[in-house]
Structure formats: structure tokens, C-alpha cells
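model.txt (compact mmCIF, C-alpha atoms and all ligand atoms)
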```
# COMPACT_ATOMS: atom_id res chain seq x y z
CA MET A 1 15.36 42.15 -37.39
CA GLY A 2 18.27 44.04 -38.94
CA ILE A 3 21.69 42.98 -40.06
CA GLU A 4 23.30 42.89 -36.59
CA GLY A 5 20.19 41.42 -34.90
CA VAL A 6 20.23 38.13 -36.70
CA LEU A 7 23.93 37.61 -35.99
CA SER A 8 23.37 38.11 -32.27
CA GLN A 9 20.36 35.80 -32.45
CA VAL A 10 22.52 32.93 -33.70
CA GLN A 11 25.47 33.68 -31.40
CA HIS A 12 26.67 30.64 -29.44
CA GLY A 13 24.08 28.43 -31.10
CA LEU A 14 23.90 25.41 -33.37
CA ILE A 15 22.83 26.09 -36.96
CA VAL A 16 21.56 23.07 -38.87
CA SER A 17 22.12 22.86 -42.61
CA CYS A 18 19.12 21.18 -44.28
CA GLN A 19 20.12 20.51 -47.86
CA ALA A 20 19.36 17.77 -50.37
CA LEU A 21 20.43 18.16 -54.00
CA PRO A 22 18.26 16.69 -56.81
CA ASP A 23 20.21 13.41 -56.75
CA GLU A 24 19.72 12.90 -52.99
CA PRO A 25 16.89 10.79 -51.49
CA LEU A 26 15.42 13.63 -49.41
CA HIS A 27 15.37 16.22 -52.21
CA GLY A 28 12.29 18.44 -52.06
CA ALA A 29 10.94 21.27 -49.92
CA ASP A 30 8.56 18.97 -47.99
CA SER A 31 11.44 16.87 -46.69
CA MET A 32 13.58 19.91 -45.94
CA VAL A 33 10.77 21.58 -43.96
CA LYS A 34 10.44 18.39 -41.91
CA MET A 35 14.19 18.27 -41.35
CA ALA A 36 14.18 21.93 -40.33
CA ARG A 37 11.29 21.37 -37.93
CA ALA A 38 13.14 18.43 -36.36
CA ALA A 39 16.25 20.62 -36.08
CA GLN A 40 14.21 23.33 -34.35
CA GLN A 41 12.77 20.79 -31.90
CA GLY A 42 16.29 19.61 -31.19
CA GLY A 43 17.49 23.10 -30.33
CA ALA A 44 18.86 24.63 -33.56
CA VAL A 45 18.96 28.44 -33.54
CA ALA A 46 18.88 28.79 -37.33
CA ILE A 47 18.64 26.77 -40.54
CA ARG A 48 20.95 26.87 -43.56
CA ALA A 49 19.09 25.94 -46.75
CA ASN A 50 19.77 25.67 -50.48
CA GLY A 51 17.46 27.10 -53.15
CA ALA A 52 14.75 29.73 -53.12
CA THR A 53 11.98 27.11 -52.91
CA ASP A 54 13.37 25.50 -49.74
CA VAL A 55 14.22 28.87 -48.16
CA ARG A 56 10.69 30.17 -48.76
CA ALA A 57 9.04 26.95 -47.49
CA ILE A 58 11.15 26.84 -44.31
CA LYS A 59 10.56 30.55 -43.64
CA GLN A 60 6.81 29.99 -43.95
CA ALA A 61 6.75 26.92 -41.71
CA LEU A 62 9.16 27.96 -38.93
CA SER A 63 10.06 31.03 -36.91
CA LEU A 64 13.84 30.42 -37.07
CA PRO A 65 16.16 32.64 -39.12
CA VAL A 66 17.21 31.08 -42.42
CA ILE A 67 20.62 31.32 -44.04
CA GLY A 68 19.93 30.92 -47.75
CA LEU A 69 22.25 29.98 -50.57
CA ILE A 70 21.79 28.83 -54.13
CA LYS A 71 24.08 26.20 -55.57
CA ARG A 72 24.24 26.85 -59.30
CA GLU A 73 26.98 25.97 -61.76
CA TYR A 74 28.20 28.26 -64.53
CA GLU A 75 30.54 27.28 -67.34
CA ASP A 76 33.04 30.09 -66.83
CA SER A 77 33.70 29.68 -63.09
CA ASP A 78 34.37 27.09 -60.37
CA ILE A 79 32.16 29.05 -57.95
CA TYR A 80 28.83 27.33 -57.25
CA ILE A 81 27.53 28.79 -53.96
CA THR A 82 25.49 31.92 -54.78
CA PRO A 83 27.79 32.91 -57.66
CA THR A 84 26.03 35.98 -59.12
CA LEU A 85 23.53 38.77 -58.51
CA ARG A 86 20.80 36.59 -59.98
CA GLU A 87 20.99 34.14 -57.03
CA MET A 88 21.21 37.06 -54.57
CA GLU A 89 17.97 38.49 -55.97
CA GLU A 90 16.22 35.12 -55.72
CA LEU A 91 17.28 34.72 -52.08
CA VAL A 92 16.24 38.24 -51.05
CA GLU A 93 12.89 37.59 -52.74
CA ALA A 94 12.55 34.24 -50.89
CA GLY A 95 13.02 35.96 -47.53
CA ALA A 96 16.48 34.72 -46.46
CA ASP A 97 17.70 36.43 -43.27
CA ILE A 98 21.34 35.81 -44.14
CA ILE A 99 22.73 35.03 -47.59
CA ALA A 100 25.70 32.67 -47.81
CA LEU A 101 27.97 33.12 -50.79
CA ASP A 102 31.32 31.85 -51.99
CA ALA A 103 33.92 34.43 -50.98
CA THR A 104 37.00 32.75 -52.40
CA LEU A 105 39.28 34.87 -54.58
CA ARG A 106 38.44 32.82 -57.69
CA PRO A 107 36.82 34.60 -60.65
CA ARG A 108 33.02 34.67 -60.57
CA PRO A 109 30.78 34.00 -63.57
CA GLY A 110 30.57 36.92 -65.98
CA GLY A 111 33.22 38.86 -64.04
CA CYS A 112 30.72 39.60 -61.25
CA LYS A 113 32.36 41.13 -58.13
CA LEU A 114 32.06 39.84 -54.54
CA LYS A 115 31.80 43.39 -53.15
CA ARG A 116 28.77 44.10 -55.35
CA LEU A 117 26.99 41.01 -53.96
CA ILE A 118 27.75 41.86 -50.33
CA ASP A 119 26.54 45.42 -50.87
CA TYR A 120 23.39 44.17 -52.60
CA ALA A 121 22.47 42.02 -49.58
CA HIS A 122 23.04 44.86 -47.15
CA GLU A 123 21.08 47.33 -49.30
CA HIS A 124 18.15 44.95 -48.88
CA GLY A 125 18.52 44.61 -45.12
CA VAL A 126 19.95 41.09 -45.37
CA THR A 127 23.28 40.16 -43.85
CA SER A 128 25.91 38.16 -45.69
CA MET A 129 27.91 35.07 -44.78
CA ALA A 130 31.20 34.65 -46.64
CA ASP A 131 31.96 30.99 -47.31
CA ILE A 132 35.76 30.81 -47.31
CA SER A 133 38.47 28.15 -47.57
CA THR A 134 41.52 30.01 -46.17
CA LEU A 135 42.40 32.73 -43.68
CA GLU A 136 43.39 35.06 -46.52
CA GLU A 137 39.90 34.76 -48.04
CA ALA A 138 38.32 35.40 -44.63
CA LEU A 139 40.34 38.59 -44.13
CA HIS A 140 39.55 39.74 -47.66
CA ALA A 141 35.80 39.17 -47.18
CA ALA A 142 35.88 41.05 -43.87
CA SER A 143 37.65 43.98 -45.55
CA LEU A 144 34.76 44.12 -48.05
CA GLY A 145 32.23 44.51 -45.22
CA VAL A 146 30.74 41.02 -45.05
CA GLY A 147 28.51 40.29 -42.02
CA CYS A 148 30.19 37.06 -40.96
CA VAL A 149 32.58 34.44 -42.29
CA SER A 150 32.15 30.67 -42.40
CA THR A 151 34.79 27.95 -42.90
CA THR A 152 32.43 26.10 -45.29
CA LEU A 153 34.85 25.74 -48.19
CA SER A 154 38.01 24.57 -46.43
CA GLY A 155 38.86 21.30 -48.15
CA TYR A 156 36.69 22.10 -51.17
CA THR A 157 39.11 24.36 -53.05
CA PRO A 158 42.23 22.69 -54.49
CA TYR A 159 44.58 25.02 -52.58
CA SER A 160 43.02 24.74 -49.09
CA ALA A 161 43.84 22.23 -46.33
CA GLN A 162 42.50 18.76 -47.18
CA MET A 163 41.43 16.73 -44.17
CA ASP A 164 38.80 14.19 -43.12
CA GLY A 165 37.49 16.17 -40.16
CA PRO A 166 36.70 19.87 -39.62
CA ASP A 167 39.43 22.48 -40.19
CA LEU A 168 39.65 23.51 -36.54
CA GLU A 169 43.00 25.22 -37.07
CA LEU A 170 41.29 27.61 -39.50
CA VAL A 171 38.48 28.11 -36.96
CA ARG A 172 41.08 29.03 -34.33
CA ARG A 173 43.12 31.41 -36.49
CA ALA A 174 40.15 33.08 -38.16
CA SER A 175 38.32 33.54 -34.83
CA GLU A 176 41.39 35.33 -33.54
CA LEU A 177 42.29 37.42 -36.58
CA VAL A 178 39.15 38.18 -38.58
CA PRO A 179 37.22 41.20 -37.30
CA VAL A 180 33.72 39.75 -37.97
CA PRO A 181 31.93 36.76 -36.39
CA LEU A 182 33.47 33.43 -37.40
CA ILE A 183 31.17 30.47 -38.04
CA ALA A 184 32.63 26.95 -37.91
CA GLU A 185 31.28 24.77 -40.72
CA GLY A 186 32.27 21.70 -42.69
CA ARG A 187 32.65 18.04 -41.69
CA ILE A 188 31.63 18.59 -38.06
CA HIS A 189 30.43 15.11 -37.24
CA ASP A 190 30.08 14.85 -33.48
CA PRO A 191 29.21 16.96 -30.46
CA ALA A 192 32.82 16.99 -29.18
CA GLN A 193 33.85 18.85 -32.36
CA VAL A 194 31.08 21.39 -31.75
CA GLU A 195 32.43 21.98 -28.26
CA GLU A 196 35.98 22.34 -29.60
CA ALA A 197 34.87 24.87 -32.24
CA PHE A 198 33.30 27.06 -29.52
CA ARG A 199 36.41 26.73 -27.36
CA LEU A 200 38.45 27.97 -30.31
CA GLY A 201 36.28 31.08 -30.56
CA ALA A 202 33.50 30.24 -33.03
CA HIS A 203 30.50 32.59 -32.96
CA ALA A 204 28.20 29.74 -34.05
CA VAL A 205 28.56 26.24 -35.46
CA VAL A 206 26.90 24.78 -38.57
CA VAL A 207 26.30 21.03 -38.81
CA GLY A 208 24.80 19.55 -41.98
CA SER A 209 25.40 16.00 -43.20
CA ALA A 210 25.85 14.49 -39.73
CA ILE A 211 22.26 15.48 -38.93
CA THR A 212 20.37 15.82 -42.21
CA ARG A 213 21.88 13.44 -44.78
CA PRO A 214 20.64 9.99 -43.68
CA GLN A 215 22.35 8.21 -46.55
CA LEU A 216 25.74 9.50 -45.31
CA ILE A 217 24.90 8.75 -41.68
CA THR A 218 23.97 5.20 -42.71
CA GLN A 219 27.19 4.87 -44.67
CA ARG A 220 29.29 5.68 -41.58
CA PHE A 221 27.49 2.98 -39.58
CA ALA A 222 27.61 0.49 -42.48
CA ASP A 223 31.37 1.09 -42.88
CA ALA A 224 31.85 0.49 -39.15
CA ALA A 225 29.80 -2.71 -39.41
CA ARG A 226 31.86 -3.95 -42.37
CA LYS A 227 35.14 -3.13 -40.64
CA ALA A 228 34.06 -4.85 -37.42
CA VAL A 229 32.81 -7.96 -39.20
CA LYS A 230 36.03 -8.20 -41.19
CA SER A 231 38.16 -7.97 -38.06
CA ILE A 232 36.00 -10.47 -36.15
CA TYR A 233 35.34 -13.02 -38.89
CA GLY A 234 38.11 -12.34 -41.40
CA ASP A 235 37.85 -11.80 -45.16
CA GLU A 236 35.98 -15.03 -45.96
CA ARG A 237 32.60 -13.69 -44.74
CA GLN A 238 30.64 -12.11 -47.62
CA ASN A 239 27.76 -10.29 -45.88
C1 LIG B 301 31.25 22.42 -49.58
C2 LIG B 301 29.77 22.66 -49.72
O1 LIG B 301 29.28 22.75 -50.83
N1 LIG B 301 29.07 22.77 -48.58
C3 LIG B 301 27.64 22.98 -48.61
C4 LIG B 301 27.34 24.35 -48.24
O2 LIG B 301 26.28 24.82 -48.04
C5 LIG B 301 26.83 21.91 -47.92
O3 LIG B 301 26.75 20.83 -48.83
C6 LIG B 301 27.31 21.35 -46.56
O4 LIG B 301 26.43 20.32 -46.19
C7 LIG B 301 27.35 22.39 -45.44
O5 LIG B 301 28.42 23.26 -45.67
C8 LIG B 301 27.53 21.79 -44.04
O6 LIG B 301 28.68 21.01 -43.98
P1 LIG B 301 28.64 19.48 -43.49
O7 LIG B 301 27.56 18.80 -44.29
O8 LIG B 301 29.99 18.93 -43.78
O9 LIG B 301 28.31 19.50 -42.02
```
Could you show the structure in this file as C-alpha cells?
Ligand SMILES: CC(=O)N[C@H](C=O)[C@@H](O)[C@H](O)[C@H](O)COP(=O)(O)O
Amino acid sequence: MGIEGVLSQVQHGLIVSCQALPDEPLHGADSMVKMARAAQQGGAVAIRANGATDVRAIKQALSLPVIGLIKREYEDSDIYITPTLREMEELVEAGADIIALDATLRPRPGGCKLKRLIDYAHEHGVTSMADISTLEEALHAASLGVGCVSTTLSGYTPYSAQMDGPDLELVRRASELVPVPLIAEGRIHDPAQVEEAFRLGAHAVVVGSAITRPQLITQRFADAARKAVKSIYGDERQN
């Protein structure tokens, strides 16, 4: 499809992140393929998935483009989203159409360089998505030739804005100032926020937990139930 092709294919669409870590109830490629299929039926234009096994399984089962990443922790770095060339190689091998990687300015494991990883993806005909937490990181990633930038890490680095909802201010500023497509991602929980992200200039919008993490969806409803019951019946009611 080519590096530009996949970005125009996802333009103005909803991307659904289908991820479940080993400690989550839906962990496993079977569940993630089912989630991805449900997302496709619902109108997703692409899937974001974690791990070579899930990326490969979703690519085999569905015709949608897959944004792959590998969450892996190393002792000498805080970076955990596609930190090194090793994860890049695994994702190219698994058939990812886009590779998402941490593009913060923090040191990578083993002194590995962001530019090397972006170049590696492009040498293999795969585009790159820079997961950033600030405007400065977005501009830096764009200057290194990344394919697109995503607001994934806003709120997940100690120095970025910390908020309950999506960082729509970063979506607005980065859409305006960064010379590559800007993807809105992170804590987008309802359709009105999707609309707002597009109004602010997003190229595409990624929604994860609000669609594919049932334990977190349940928690939101259970919290609302608890709050309502407390306000209706007072503190004395136990259940
Ligand atoms: C910070 C981090 O590690 N984010 C991860 C990146 O791939 C995923 O755990 C998120 O689910 C994804 O970014 C979508 O965001 P949300 O689930 O909030 O819609």
C-alpha cells in the first residue's frame, strides 16, 4: 500500500485500539481478533494492537490496516512502547502497516536512537507513528521524518499535562503546528470527544479502553451506580 497510502486510508476515520496485557481478562490473540472484528463491523478504519502475535493474528483475520506496537520494559529506560530495534524487527516481520513507537525525548534502552527506528520502518515500507506527550516531542519527531504523530502519551510522562479526559489542547496545537498528520489518542471516552478532536484538526482518532476494555467500562458504570445509590439512600446502604 505504501507509506502515504495507509495514512490516507485512515484519514478522518476511527481507529480502535484492541489491547489486553497478560494481567487483563481478555488477554490472548483469540479475544483480540474478536474485538478487532467487532470494531471492523462497527466502522473502524484500522486497528491498533500490541505484540507480534496479536498483530499477525489480526492481519490474517481482517482486511483492515494494523498499527502495531510492542510494550516491553527494559531496566535502563522508562520507554516501554516499541523501545528498540528488536521490537521494530518483530513488528515488520508480523506485517504491521504502521509501527507506533515512543517518541519522547527520554533515553532509550541501550542508547538506541529514535531516528534509527523511524528510518528502519521506512526502509521496510512501513510507516511510523510517533507516540508523544508534548508539542515539543511532536515537532521533534516530525523533524526526524516520522509518518504521523499521536497524542498517546500525554498524561503518561511525569512532565506532560495530567488530566482525566483527553488532551484536546495538545490535539489543537499539534494539528496546527506539526507538519505531519496528527492522531488524537488517549482517554477519549465518548463520541462527543471524537467529534471535538476532528473539529480541532485531528487526521484520525484512536479509541481504546472505552471500546475494548470491558473491565474498565464496567468500572465506570459501577462507580456511577455506587455514587447514585449513595446520593439516593445515603451512606448506611452497604450494597
Ligand atoms: C499510555 C499507553 O500505554 N497507551 C497504550 C498505547 O498503545 C494503550 O494502553 C491505550 O489503550 C491506547 O493508547 C488508547 O488509549 P485509551 O485506552 O485511553 O483510549
task = Return as a PyMOL selection string the residues of protein, DNA or RNA that approach ligand LIG 301 (chain B) to within 10 Å, with all atoms listed in the file taken into account.
result = chain A and resi 15-21+48-50+67-71+79-82+100-102+131-133+150-157+165-166+184-190+205-213+216
inquiry  = So that I can check the surroundings of Arg172 in chain A, please list as a list of chain:residue names every protein, DNA and RNA residue that reaches within 12 Å of it, counting only C-alpha atoms and ignoring chain neighbours fewer than 3 positions away.
reply    = A:Thr134, A:Leu135, A:Thr151, A:Pro166, A:Asp167, A:Leu168, A:Glu169, A:Ser175, A:Glu176, A:Leu177, A:Val178, A:Leu182, A:Ile183, A:Ala184, A:Glu196, A:Ala197, A:Phe198, A:Arg199, A:Leu200, A:Gly201, A:Ala202, A:His203
request  = Please provide the set of residues having any atom within 12 Å of Gln41 in chain A, restricted to only C-alpha atoms, with same-chain residues fewer than 3 positions apart removed, written as a PyMOL selection string.
outcome  = chain A and resi 16+34-38+44-46+62-64
message = Here is a test: counting all atoms listed in the file, which residue of A:Arg220, A:His27, A:Arg56, A:Arg226 is nearest to Ala94 in chain A?
response = A:Arg56
inquiry  = List as an MDAnalysis selection string the protein and nucleic acid residues near Asp54 in chain A, meaning an atom at most 8 Å away when all atoms listed in the file are counted, but skip any in the same chain fewer than 2 places from it.
reply    = chainID A and resid 28:29 32:33 49:52 56:58
Take the residues that were just selected and, keeping C-alpha atoms, output them as a tab-separated table (two decimals), in the coordinates of the input.
```
chain	number	residue	atom	x	y	z
A	28	GLY	CA	12.29	18.44	-52.06
A	29	ALA	CA	10.94	21.27	-49.92
A	32	MET	CA	13.58	19.91	-45.94
A	33	VAL	CA	10.77	21.58	-43.96
A	49	ALA	CA	19.09	25.94	-46.75
A	50	ASN	CA	19.77	25.67	-50.48
A	51	GLY	CA	17.46	27.10	-53.15
A	52	ALA	CA	14.75	29.73	-53.12
A	56	ARG	CA	10.69	30.17	-48.76
A	57	ALA	CA	9.04	26.95	-47.49
A	58	ILE	CA	11.15	26.84	-44.31
```
ask   = Which neighbours of range 108-125 of chain A fall inside 9 Å, counting only C-alpha atoms, when residues of the same chain fewer than 3 positions from it are skipped, and could you give them as JSON, numbers by chain?
value = {"A": [1, 2, 3, 74, 75, 76, 77, 78, 79, 83, 84, 85, 88, 89, 92, 97, 98, 99, 101, 102, 103, 104, 105, 128, 129, 130, 141, 144, 145, 146, 147]}
key: Among the residues A:Ala142, A:Glu137, A:Val229, A:Gly43, the one that comes closest to Leu14 in chain A [using only C-alpha atoms]   =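 Nearest to Leu14 in chain A: A:Gly43.
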Could you model N, CA and C atoms for range 126-137 of chain A and present them as an mmCIF file, in the coordinates of the input?
```
data_model
loop_
_atom_site.group_PDB
_atom_site.id
_atom_site.type_symbol
_atom_site.label_atom_id
_atom_site.label_comp_id
_atom_site.auth_asym_id
_atom_site.auth_seq_id
_atom_site.Cartn_x
_atom_site.Cartn_y
_atom_site.Cartn_z
ATOM 1 N N VAL A 126 19.616 42.502 -45.608
ATOM 2 C CA VAL A 126 19.950 41.090 -45.370
ATOM 3 C C VAL A 126 21.445 41.025 -45.103
ATOM 4 N N THR A 127 21.841 40.246 -44.099
ATOM 5 C CA THR A 127 23.280 40.160 -43.850
ATOM 6 C C THR A 127 23.916 39.085 -44.733
ATOM 7 N N SER A 128 25.230 39.077 -44.782
ATOM 8 C CA SER A 128 25.910 38.160 -45.690
ATOM 9 C C SER A 128 26.862 37.264 -44.903
ATOM 10 N N MET A 129 26.992 36.037 -45.377
ATOM 11 C CA MET A 129 27.910 35.070 -44.780
ATOM 12 C C MET A 129 28.905 34.668 -45.869
ATOM 13 N N ALA A 130 30.174 34.956 -45.643
ATOM 14 C CA ALA A 130 31.200 34.650 -46.640
ATOM 15 C C ALA A 130 31.700 33.230 -46.430
ATOM 16 N N ASP A 131 31.435 32.353 -47.366
ATOM 17 C CA ASP A 131 31.960 30.990 -47.310
ATOM 18 C C ASP A 131 33.397 31.008 -47.837
ATOM 19 N N ILE A 132 34.341 30.681 -46.944
ATOM 20 C CA ILE A 132 35.760 30.810 -47.310
ATOM 21 C C ILE A 132 36.476 29.469 -47.143
ATOM 22 N N SER A 133 37.682 29.385 -47.736
ATOM 23 C CA SER A 133 38.470 28.150 -47.570
ATOM 24 C C SER A 133 39.820 28.408 -46.922
ATOM 25 N N THR A 134 40.216 29.693 -46.795
ATOM 26 C CA THR A 134 41.520 30.010 -46.170
ATOM 27 C C THR A 134 41.377 31.289 -45.331
ATOM 28 N N LEU A 135 42.377 31.510 -44.502
ATOM 29 C CA LEU A 135 42.400 32.730 -43.680
ATOM 30 C C LEU A 135 42.459 33.984 -44.554
ATOM 31 N N GLU A 136 43.254 33.911 -45.607
ATOM 32 C CA GLU A 136 43.390 35.060 -46.520
ATOM 33 C C GLU A 136 42.024 35.462 -47.093
ATOM 34 N N GLU A 137 41.241 34.462 -47.493
ATOM 35 C CA GLU A 137 39.900 34.760 -48.040
ATOM 36 C C GLU A 137 39.000 35.361 -46.961
#
```
